[in-house]
$ cat run-v9.pdb   # PDB, C-alpha atoms
ATOM      1  CA  GLU A   1     102.419 124.307  95.388
ATOM      2  CA  PHE A   2     100.330 127.237  94.156
ATOM      3  CA  THR A   3      97.692 129.745  95.310
ATOM      4  CA  PHE A   4      94.346 130.629  93.711
ATOM      5  CA  TYR A   5      92.667 134.025  94.156
ATOM      6  CA  TRP A   6      89.115 135.206  93.557
ATOM      7  CA  LEU A   7      86.938 138.289  94.117
ATOM      8  CA  SER A   8      84.453 138.377  96.976
ATOM      9  CA  GLY A   9      81.805 139.770  94.646
ATOM     10  CA  GLY A  10      81.216 142.435  92.029
ATOM     11  CA  ALA A  11      80.115 146.039  91.691
ATOM     12  CA  GLY A  12      76.685 145.017  90.380
ATOM     13  CA  GLU A  13      75.675 142.395  92.901
ATOM     14  CA  GLY A  14      77.797 143.675  95.767
ATOM     15  CA  TYR A  15      80.571 142.071  97.765
ATOM     16  CA  ASN A  16      80.495 139.382 100.391
ATOM     17  CA  SER A  17      81.057 140.540 103.940
ATOM     18  CA  PHE A  18      84.230 139.910 105.868
ATOM     19  CA  GLY A  19      84.188 136.438 107.398
ATOM     20  CA  THR A  20      82.285 134.790 104.552
ATOM     21  CA  PRO A  21      83.355 131.124 104.275
ATOM     22  CA  TYR A  22      84.583 129.916 100.883
ATOM     23  CA  LEU A  23      84.936 126.395  99.593
ATOM     24  CA  ALA A  24      87.756 125.899  97.091
ATOM     25  CA  ASP A  25      88.332 122.712  95.084
ATOM     26  CA  ILE A  26      91.029 121.613  92.660
ATOM     27  CA  SER A  27      90.860 118.697  90.259
ATOM     28  CA  ARG A  28      92.822 117.184  87.392
ATOM     29  CA  SER A  29      89.480 116.917  85.586
ATOM     30  CA  PRO A  30      87.979 120.084  84.044
ATOM     31  CA  ASN A  31      84.550 118.680  84.957
ATOM     32  CA  PHE A  32      85.624 118.042  88.566
ATOM     33  CA  ASP A  33      84.627 114.402  88.275
ATOM     34  CA  PHE A  34      87.013 113.751  91.151
ATOM     35  CA  LEU A  35      88.753 116.157  93.511
ATOM     36  CA  ALA A  36      92.478 116.339  94.136
ATOM     37  CA  ALA A  37      91.998 118.600  97.166
ATOM     38  CA  SER A  38      89.354 120.747  98.818
ATOM     39  CA  THR A  39      89.610 123.393 101.527
ATOM     40  CA  LEU A  40      87.522 125.858 103.543
ATOM     41  CA  THR A  41      88.806 129.395 104.061
ATOM     42  CA  LEU A  42      87.665 132.806 105.236
ATOM     43  CA  ASN A  43      89.974 134.519 102.745
ATOM     44  CA  ALA A  44      89.509 135.242  99.043
ATOM     45  CA  SER A  45      92.439 133.000  98.253
ATOM     46  CA  THR A  46      93.876 129.677  99.254
ATOM     47  CA  GLY A  47      96.987 127.639  98.628
ATOM     48  CA  PHE A  48      97.382 123.978  97.807
ATOM     49  CA  SER A  49     100.490 121.896  98.467
ATOM     50  CA  ASP A  50     101.683 118.274  98.263
ATOM     51  CA  LEU A  51     100.463 118.066  94.676
ATOM     52  CA  GLN A  52     101.652 115.807  91.898
ATOM     53  CA  PRO A  53     104.460 117.417  89.874
ATOM     54  CA  ASN A  54     104.020 118.388  86.220
ATOM     55  CA  THR A  55     100.245 118.091  86.443
ATOM     56  CA  LEU A  56      97.496 120.453  85.287
ATOM     57  CA  TYR A  57      94.973 121.371  87.985
ATOM     58  CA  HIS A  58      91.613 123.140  87.554
ATOM     59  CA  ALA A  59      90.178 125.256  90.378
ATOM     60  CA  ARG A  60      86.759 126.463  91.469
ATOM     61  CA  ALA A  61      85.317 128.271  94.484
ATOM     62  CA  ALA A  62      81.913 128.820  96.088
ATOM     63  CA  ALA A  63      80.736 131.110  98.905
ATOM     64  CA  TYR A  64      78.519 130.171 101.837
ATOM     65  CA  GLY A  65      75.326 132.249 102.091
ATOM     66  CA  PHE A  66      74.311 132.850 105.686
ATOM     67  CA  ASN A  67      70.778 133.825 104.681
ATOM     68  CA  GLY A  68      69.933 130.671 102.775
ATOM     69  CA  ARG A  69      72.423 128.558 104.692
ATOM     70  CA  THR A  70      73.711 127.015 101.490
ATOM     71  CA  TRP A  71      76.623 127.292  99.086
ATOM     72  CA  THR A  72      76.450 129.403  95.966
ATOM     73  CA  ALA A  73      77.163 127.931  92.556
ATOM     74  CA  PHE A  74      80.837 127.293  91.931
ATOM     75  CA  THR A  75      82.854 129.869  90.012
ATOM     76  CA  GLN A  76      85.536 128.454  87.734
ATOM     77  CA  LEU A  77      88.948 129.942  88.535
ATOM     78  CA  GLY A  78      90.892 128.586  85.571
ATOM     79  CA  SER A  79      93.785 126.180  85.692
ATOM     80  CA  THR A  80      97.522 126.011  86.268
ATOM     81  CA  ALA A  81     100.175 123.316  86.275
ATOM     82  CA  THR A  82     102.793 122.343  88.791
ATOM     83  CA  ALA A  83     106.450 122.396  87.768
ATOM     84  CA  ALA A  84     108.315 119.368  86.443
ATOM     85  CA  PRO A  85     111.444 118.085  88.185
ATOM     86  CA  ALA A  86     114.415 117.152  86.034
ATOM     87  CA  PRO A  87     114.593 113.424  85.216
ATOM     88  CA  GLY A  88     116.699 111.145  87.406
ATOM     89  CA  PHE A  89     119.684 108.910  86.730
ATOM     90  CA  ALA A  90     118.881 105.203  86.319
ATOM     91  CA  GLU A  91     121.133 102.496  87.749
ATOM     92  CA  SER A  92     121.214 100.665  84.393
ATOM     93  CA  THR A  93     121.296 103.482  81.869
ATOM     94  CA  PHE A  94     122.457 101.701  78.716
ATOM     95  CA  THR A  95     121.163  98.275  77.728
ATOM     96  CA  ALA A  96     120.749  96.107  74.630
ATOM     97  CA  LEU A  97     123.930  97.439  73.060
ATOM     98  CA  SER A  98     124.536  96.301  69.485
ATOM     99  CA  THR A  99     126.731  97.382  66.589
ATOM    100  CA  SER A 100     124.133  99.956  65.533
ATOM    101  CA  GLY A 101     121.825 100.611  68.472
ATOM    102  CA  VAL A 102     121.422 101.211  72.190
ATOM    103  CA  SER A 103     118.549 101.508  74.654
ATOM    104  CA  VAL A 104     118.734 104.421  77.120
ATOM    105  CA  HIS A 105     116.936 104.505  80.466
ATOM    106  CA  TRP A 106     116.358 107.123  83.187
ATOM    107  CA  THR A 107     113.924 107.677  86.053
ATOM    108  CA  ALA A 108     110.839 109.897  86.022
ATOM    109  CA  ASN A 109     111.868 111.455  89.355
ATOM    110  CA  GLY A 110     108.241 112.048  90.287
ATOM    111  CA  ASN A 111     106.956 113.119  86.873
ATOM    112  CA  PRO A 112     103.635 111.414  86.049
ATOM    113  CA  LEU A 113     102.891 109.017  83.220
ATOM    114  CA  GLY A 114     102.540 110.855  79.927
ATOM    115  CA  THR A 115     105.337 113.347  80.643
ATOM    116  CA  THR A 116     107.246 114.255  77.478
ATOM    117  CA  TYR A 117     111.020 113.792  77.650
ATOM    118  CA  TYR A 118     113.724 115.113  75.343
ATOM    119  CA  LEU A 119     116.561 112.636  74.891
ATOM    120  CA  GLN A 120     119.718 113.427  72.933
ATOM    121  CA  VAL A 121     122.781 111.386  72.027
ATOM    122  CA  SER A 122     126.018 112.709  70.607
ATOM    123  CA  THR A 123     129.550 111.558  69.938
ATOM    124  CA  LEU A 124     130.659 114.784  71.669
ATOM    125  CA  ALA A 125     130.266 115.428  75.399
ATOM    126  CA  SER A 126     129.309 119.022  74.537
ATOM    127  CA  PHE A 127     126.349 117.818  72.420
ATOM    128  CA  ASP A 128     127.345 120.354  69.806
ATOM    129  CA  PRO A 129     125.901 118.995  67.684
ATOM    130  CA  ALA A 130     123.510 116.303  68.913
ATOM    131  CA  TRP A 131     123.800 113.254  66.687
ATOM    132  CA  ALA A 132     120.195 112.125  67.247
ATOM    133  CA  SER A 133     117.245 112.985  69.486
ATOM    134  CA  THR A 134     113.773 111.721  70.355
ATOM    135  CA  ARG A 135     110.836 112.864  72.502
ATOM    136  CA  PRO A 136     109.314 109.794  74.182
ATOM    137  CA  PHE A 137     106.497 109.689  76.721
ATOM    138  CA  ASP A 138     108.222 106.992  78.799
ATOM    139  CA  ALA A 139     111.479 106.972  80.750
ATOM    140  CA  ASP A 140     113.332 104.972  78.105
ATOM    141  CA  ALA A 141     113.999 105.048  74.380
ATOM    142  CA  ARG A 142     116.041 103.189  71.781
ATOM    143  CA  PHE A 143     118.292 104.593  69.091
ATOM    144  CA  SER A 144     119.130 102.644  65.948
ATOM    145  CA  GLY A 145     121.268 103.420  62.936
ATOM    146  CA  LEU A 146     124.275 104.338  65.071
ATOM    147  CA  ALA A 147     127.877 103.897  63.977
ATOM    148  CA  PRO A 148     129.649 100.754  65.216
ATOM    149  CA  ASN A 149     132.398 100.874  67.834
ATOM    150  CA  THR A 150     131.587 104.495  68.681
ATOM    151  CA  THR A 151     131.066 106.167  72.061
ATOM    152  CA  TYR A 152     127.784 108.054  72.464
ATOM    153  CA  HIS A 153     126.930 110.451  75.271
ATOM    154  CA  ALA A 154     123.303 110.800  76.384
ATOM    155  CA  ARG A 155     121.307 113.471  78.203
ATOM    156  CA  VAL A 156     117.600 113.964  78.917
ATOM    157  CA  ALA A 157     115.192 116.715  79.986
ATOM    158  CA  ALA A 158     111.465 116.779  80.857
ATOM    159  CA  TYR A 159     108.835 119.146  79.464
ATOM    160  CA  SER A 160     107.297 121.272  82.216
ATOM    161  CA  LEU A 161     103.603 122.066  81.820
ATOM    162  CA  HIS A 162     104.057 124.928  84.288
ATOM    163  CA  SER A 163     106.697 126.889  82.392
ATOM    164  CA  GLY A 164     106.070 125.550  78.891
ATOM    165  CA  THR A 165     109.786 124.845  78.568
ATOM    166  CA  TRP A 166     112.198 121.968  79.121
ATOM    167  CA  THR A 167     113.857 121.358  82.459
ATOM    168  CA  SER A 168     117.632 121.397  82.652
ATOM    169  CA  PHE A 169     119.301 118.465  80.924
ATOM    170  CA  VAL A 170     120.550 115.581  83.051
ATOM    171  CA  GLY A 171     123.689 113.846  81.814
ATOM    172  CA  LEU A 172     123.257 110.080  81.629
ATOM    173  CA  GLY A 173     126.857 109.129  80.919
ATOM    174  CA  ALA A 174     128.186 107.417  77.823
ATOM    175  CA  ALA A 175     128.394 103.977  76.247
ATOM    176  CA  ALA A 176     129.993 102.526  73.128
ATOM    177  CA  THR A 177     128.294 100.472  70.440
ATOM    178  CA  LEU A 178     129.802  97.098  69.598
ATOM    179  CA  ALA A 179     132.402  96.700  66.886
ATOM    180  CA  ASN A 180     131.705  94.852  63.641
ATOM    181  CA  PRO A 181     134.006  91.887  63.016
ATOM    182  CA  PRO A 182     136.471  92.542  60.190
ATOM    183  CA  VAL A 183     135.805  90.608  57.002
ATOM    184  CA  SER A 184     137.709  89.291  54.011
ATOM    185  CA  ALA A 185     140.906  88.672  55.964
ATOM    186  CA  ALA A 186     143.652  87.308  53.746
ATOM    187  CA  ALA A 187     147.417  87.149  53.427
ATOM    188  CA  SER A 188     148.686  89.919  51.202
ATOM    189  CA  ALA A 189     152.387  89.060  51.213
ATOM    190  CA  VAL A 190     154.207  85.916  52.308
ATOM    191  CA  PHE A 191     157.951  85.807  52.993
ATOM    192  CA  LEU A 192     160.375  83.255  54.471
ATOM    193  CA  SER A 193     159.943  84.509  58.036
ATOM    194  CA  SER A 194     156.983  86.886  57.918
ATOM    195  CA  ILE A 195     153.508  87.320  56.552
ATOM    196  CA  SER A 196     151.371  90.401  55.884
ATOM    197  CA  MET A 197     147.619  90.260  56.309
ATOM    198  CA  GLY A 198     144.813  92.615  55.353
ATOM    199  CA  TRP A 199     141.065  92.780  55.941
ATOM    200  CA  THR A 200     138.046  94.981  55.316
ATOM    201  CA  LEU A 201     137.099  97.339  58.161
ATOM    202  CA  ASN A 202     133.381  96.510  57.845
ATOM    203  CA  ASP A 203     132.296 100.065  58.756
ATOM    204  CA  ASN A 204     134.360 100.246  61.945
ATOM    205  CA  PRO A 205     135.623 103.827  62.415
ATOM    206  CA  PRO A 206     139.248 105.010  62.251
ATOM    207  CA  GLY A 207     141.086 104.269  65.478
ATOM    208  CA  THR A 208     139.517 100.822  65.885
ATOM    209  CA  VAL A 209     142.049  98.380  67.348
ATOM    210  CA  TYR A 210     142.313  94.964  65.690
ATOM    211  CA  GLU A 211     143.971  91.754  66.822
ATOM    212  CA  ALA A 212     145.444  89.442  64.211
ATOM    213  CA  GLN A 213     146.341  85.828  64.940
ATOM    214  CA  VAL A 214     148.087  83.193  62.851
TER
END
$ encode --input "run-v9.pdb" --output "structure tokens"
Amino acid sequence: EFTFYWLSGGAGEGYNSFGTPYLADISRSPNFDFLAASTLTLNASTGFSDLQPNTLYHARAAAYGFNGRTWTAFTQLGSTATAAPAPGFAESTFTALSTSGVSVHWTANGNPLGTTYYLQVSTLASFDPAWASTRPFDADARFSGLAPNTTYHARVAAYSLHSGTWTSFVGLGAAATLANPPVSAAASAVFLSSISMGWTLNDNPPGTVYEAQV
């Protein structure tokens, strides 16, 4: 919701009298090829509500001339954007998990197509530092090149055209990449009643739990 203001005239040509009707239009098109809303008012301002979030609107106004019984030419009033809501939490946030990648999903929460999002993943819940980030135009993105068998936290924000800044981050939870299977398993020492085995970690991080069977 926002309000546009205009002057009823100027010092050179004079001012419109009290009670002059004004026609105010807003449009997502700078050429006003289609109107998002239009209103009649007796004031030198008007408000518009129930607009699409995170959207740039252009405004114009015209005055009704009682003498000629017609509208004046429209005066362009500039443009402004509505605010962006923070993204929403998706029911299935993490999909297509692999040993080195994950797809992350969220909801637009009313933001229109083309909204820029800021998605971060980190091995730390504090995101200090963020391990990787991306700025997609859709409500999903995929990260590759991740470490295997590692938990990654994710959070996302939306870019607000109104403020020119990001919304607050929304935490999306965490998910772990899959572990690589160990390789080159072999017996390293054989005794009468015991056997020792070893294998290559295959890039799995420290702390990975292994199960050995004979």
$ resolve_selection --input "run-v9.pdb" --expression "the PyMOL selection byres ((chain A and resi 60) around 7)" --output "list of chain:residue names"
A:Ala24, A:Asp25, A:Ile26, A:Ala59, A:Ala61, A:Phe74, A:Thr75, A:Gln76, A:Leu77
$ write_last_selection --input "run-v9.pdb" --atoms "C-alpha atoms" --output "mmCIF file, in the coordinates of the input"
data_model
loop_
_atom_site.group_PDB
_atom_site.id
_atom_site.type_symbol
_atom_site.label_atom_id
_atom_site.label_comp_id
_atom_site.auth_asym_id
_atom_site.auth_seq_id
_atom_site.Cartn_x
_atom_site.Cartn_y
_atom_site.Cartn_z
ATOM 1 C CA ALA A 24 87.756 125.899 97.091
ATOM 2 C CA ASP A 25 88.332 122.712 95.084
ATOM 3 C CA ILE A 26 91.029 121.613 92.660
ATOM 4 C CA ALA A 59 90.178 125.256 90.378
ATOM 5 C CA ALA A 61 85.317 128.271 94.484
ATOM 6 C CA PHE A 74 80.837 127.293 91.931
ATOM 7 C CA THR A 75 82.854 129.869 90.012
ATOM 8 C CA GLN A 76 85.536 128.454 87.734
ATOM 9 C CA LEU A 77 88.948 129.942 88.535
#
$ resolve_selection --input "run-v9.pdb" --expression "the PyMOL selection byres ((chain A and resi 192-207) around 9)" --output "CSV table (one decimal) with C-alpha atoms, in the coordinates of the input"
chain,number,residue,atom,x,y,z
A,147,ALA,CA,127.9,103.9,64.0
A,148,PRO,CA,129.6,100.8,65.2
A,149,ASN,CA,132.4,100.9,67.8
A,150,THR,CA,131.6,104.5,68.7
A,179,ALA,CA,132.4,96.7,66.9
A,180,ASN,CA,131.7,94.9,63.6
A,181,PRO,CA,134.0,91.9,63.0
A,182,PRO,CA,136.5,92.5,60.2
A,183,VAL,CA,135.8,90.6,57.0
A,184,SER,CA,137.7,89.3,54.0
A,185,ALA,CA,140.9,88.7,56.0
A,186,ALA,CA,143.7,87.3,53.7
A,187,ALA,CA,147.4,87.1,53.4
A,188,SER,CA,148.7,89.9,51.2
A,189,ALA,CA,152.4,89.1,51.2
A,190,VAL,CA,154.2,85.9,52.3
A,191,PHE,CA,158.0,85.8,53.0
A,208,THR,CA,139.5,100.8,65.9
A,209,VAL,CA,142.0,98.4,67.3
A,212,ALA,CA,145.4,89.4,64.2
$ residues_around --input "run-v9.pdb" --residues "Ser29 in chain A" --least-positions-apart "4" --cutoff "12 Å" --atoms "all atoms listed in the file" --output "number ranges by chain"
A: 25, 33-37, 55-60, 78-79
$ write_last_selection --input "run-v9.pdb" --atoms "C-alpha atoms" --output "PDB file, in the frame of the given file"
ATOM      1  CA  ASP A  25      88.332 122.712  95.084  1.00  0.00           C
ATOM      2  CA  ASP A  33      84.627 114.402  88.275  1.00  0.00           C
ATOM      3  CA  PHE A  34      87.013 113.751  91.151  1.00  0.00           C
ATOM      4  CA  LEU A  35      88.753 116.157  93.511  1.00  0.00           C
ATOM      5  CA  ALA A  36      92.478 116.339  94.136  1.00  0.00           C
ATOM      6  CA  ALA A  37      91.998 118.600  97.166  1.00  0.00           C
ATOM      7  CA  THR A  55     100.245 118.091  86.443  1.00  0.00           C
ATOM      8  CA  LEU A  56      97.496 120.453  85.287  1.00  0.00           C
ATOM      9  CA  TYR A  57      94.973 121.371  87.985  1.00  0.00           C
ATOM     10  CA  HIS A  58      91.613 123.140  87.554  1.00  0.00           C
ATOM     11  CA  ALA A  59      90.178 125.256  90.378  1.00  0.00           C
ATOM     12  CA  ARG A  60      86.759 126.463  91.469  1.00  0.00           C
ATOM     13  CA  GLY A  78      90.892 128.586  85.571  1.00  0.00           C
ATOM     14  CA  SER A  79      93.785 126.180  85.692  1.00  0.00           C
TER      15      SER A  79
END
$ residues_around --input "run-v9.pdb" --residues "Asp138 in chain A" --least-positions-apart "2" --cutoff "10 Å" --atoms "only C-alpha atoms" --output "short mmCIF file (atom, residue, chain, number, x, y, z; two decimals) with C-alpha atoms, in the frame of the given file"
data_model
loop_
_atom_site.label_atom_id
_atom_site.label_comp_id
_atom_site.auth_asym_id
_atom_site.auth_seq_id
_atom_site.Cartn_x
_atom_site.Cartn_y
_atom_site.Cartn_z
CA HIS A 105 116.94 104.50 80.47
CA TRP A 106 116.36 107.12 83.19
CA THR A 107 113.92 107.68 86.05
CA ALA A 108 110.84 109.90 86.02
CA PRO A 112 103.64 111.41 86.05
CA LEU A 113 102.89 109.02 83.22
CA GLY A 114 102.54 110.86 79.93
CA THR A 115 105.34 113.35 80.64
CA THR A 116 107.25 114.26 77.48
CA TYR A 117 111.02 113.79 77.65
CA ARG A 135 110.84 112.86 72.50
CA PRO A 136 109.31 109.79 74.18
CA ASP A 140 113.33 104.97 78.10
CA ALA A 141 114.00 105.05 74.38
#
$ axis_aligned_box --input "run-v9.pdb" --around "range 92-97 of chain A" --padding-each-side "4 Å" --output "lines of an AutoDock Vina configuration file"
center_x = 122.3
center_y = 99.8
center_z = 78.7
size_x = 11.2
size_y = 15.4
size_z = 19.3
$ atom_distance --input "run-v9.pdb" --atom1 "CA of Thr82 in chain A" --atom2 "CA of Asn54 in chain A"
4.9 Å
$ decode --input "run-v9.pdb" --residues "range 187-200 of chain A" --atoms "N, CA, C and O atoms" --output "PDB file, in the first residue's frame"
ATOM      1  N   ALA A 187      42.723 -56.697   4.464  1.00  0.00           N
ATOM      2  CA  ALA A 187      43.238 -57.127   5.760  1.00  0.00           C
ATOM      3  C   ALA A 187      44.663 -56.636   5.914  1.00  0.00           C
ATOM      4  O   ALA A 187      45.501 -56.798   5.025  1.00  0.00           O
ATOM      5  N   SER A 188      44.934 -56.023   7.048  1.00  0.00           N
ATOM      6  CA  SER A 188      46.280 -55.503   7.289  1.00  0.00           C
ATOM      7  C   SER A 188      47.075 -56.375   8.238  1.00  0.00           C
ATOM      8  O   SER A 188      48.305 -56.328   8.254  1.00  0.00           O
ATOM      9  N   ALA A 189      46.383 -57.174   9.033  1.00  0.00           N
ATOM     10  CA  ALA A 189      47.080 -58.095   9.950  1.00  0.00           C
ATOM     11  C   ALA A 189      46.153 -59.255  10.270  1.00  0.00           C
ATOM     12  O   ALA A 189      44.982 -59.040  10.607  1.00  0.00           O
ATOM     13  N   VAL A 190      46.654 -60.459  10.156  1.00  0.00           N
ATOM     14  CA  VAL A 190      45.849 -61.655  10.403  1.00  0.00           C
ATOM     15  C   VAL A 190      46.503 -62.460  11.519  1.00  0.00           C
ATOM     16  O   VAL A 190      47.702 -62.764  11.464  1.00  0.00           O
ATOM     17  N   PHE A 191      45.706 -62.807  12.540  1.00  0.00           N
ATOM     18  CA  PHE A 191      46.196 -63.580  13.670  1.00  0.00           C
ATOM     19  C   PHE A 191      45.330 -64.822  13.827  1.00  0.00           C
ATOM     20  O   PHE A 191      44.376 -65.043  13.061  1.00  0.00           O
ATOM     21  N   LEU A 192      45.632 -65.672  14.834  1.00  0.00           N
ATOM     22  CA  LEU A 192      44.901 -66.907  15.021  1.00  0.00           C
ATOM     23  C   LEU A 192      43.417 -66.663  15.299  1.00  0.00           C
ATOM     24  O   LEU A 192      42.559 -67.429  14.842  1.00  0.00           O
ATOM     25  N   SER A 193      43.118 -65.629  16.054  1.00  0.00           N
ATOM     26  CA  SER A 193      41.723 -65.393  16.460  1.00  0.00           C
ATOM     27  C   SER A 193      41.227 -63.984  16.145  1.00  0.00           C
ATOM     28  O   SER A 193      40.177 -63.579  16.637  1.00  0.00           O
ATOM     29  N   SER A 194      41.981 -63.230  15.379  1.00  0.00           N
ATOM     30  CA  SER A 194      41.560 -61.867  15.059  1.00  0.00           C
ATOM     31  C   SER A 194      42.125 -61.446  13.707  1.00  0.00           C
ATOM     32  O   SER A 194      43.045 -62.072  13.176  1.00  0.00           O
ATOM     33  N   ILE A 195      41.540 -60.387  13.193  1.00  0.00           N
ATOM     34  CA  ILE A 195      41.996 -59.836  11.925  1.00  0.00           C
ATOM     35  C   ILE A 195      41.849 -58.324  11.972  1.00  0.00           C
ATOM     36  O   ILE A 195      40.879 -57.791  12.543  1.00  0.00           O
ATOM     37  N   SER A 196      42.787 -57.604  11.438  1.00  0.00           N
ATOM     38  CA  SER A 196      42.728 -56.147  11.330  1.00  0.00           C
ATOM     39  C   SER A 196      42.486 -55.773   9.877  1.00  0.00           C
ATOM     40  O   SER A 196      43.074 -56.369   8.965  1.00  0.00           O
ATOM     41  N   MET A 197      41.607 -54.806   9.677  1.00  0.00           N
ATOM     42  CA  MET A 197      41.283 -54.367   8.326  1.00  0.00           C
ATOM     43  C   MET A 197      41.503 -52.859   8.199  1.00  0.00           C
ATOM     44  O   MET A 197      41.377 -52.111   9.180  1.00  0.00           O
ATOM     45  N   GLY A 198      41.789 -52.402   7.034  1.00  0.00           N
ATOM     46  CA  GLY A 198      41.942 -50.988   6.752  1.00  0.00           C
ATOM     47  C   GLY A 198      41.307 -50.635   5.423  1.00  0.00           C
ATOM     48  O   GLY A 198      41.050 -51.516   4.592  1.00  0.00           O
ATOM     49  N   TRP A 199      41.012 -49.395   5.208  1.00  0.00           N
ATOM     50  CA  TRP A 199      40.414 -48.935   3.946  1.00  0.00           C
ATOM     51  C   TRP A 199      40.723 -47.462   3.762  1.00  0.00           C
ATOM     52  O   TRP A 199      41.150 -46.764   4.687  1.00  0.00           O
ATOM     53  N   THR A 200      40.484 -46.976   2.571  1.00  0.00           N
ATOM     54  CA  THR A 200      40.670 -45.562   2.241  1.00  0.00           C
ATOM     55  C   THR A 200      39.368 -44.807   2.503  1.00  0.00           C
ATOM     56  O   THR A 200      38.284 -45.281   2.145  1.00  0.00           O
TER      57      THR A 200
END
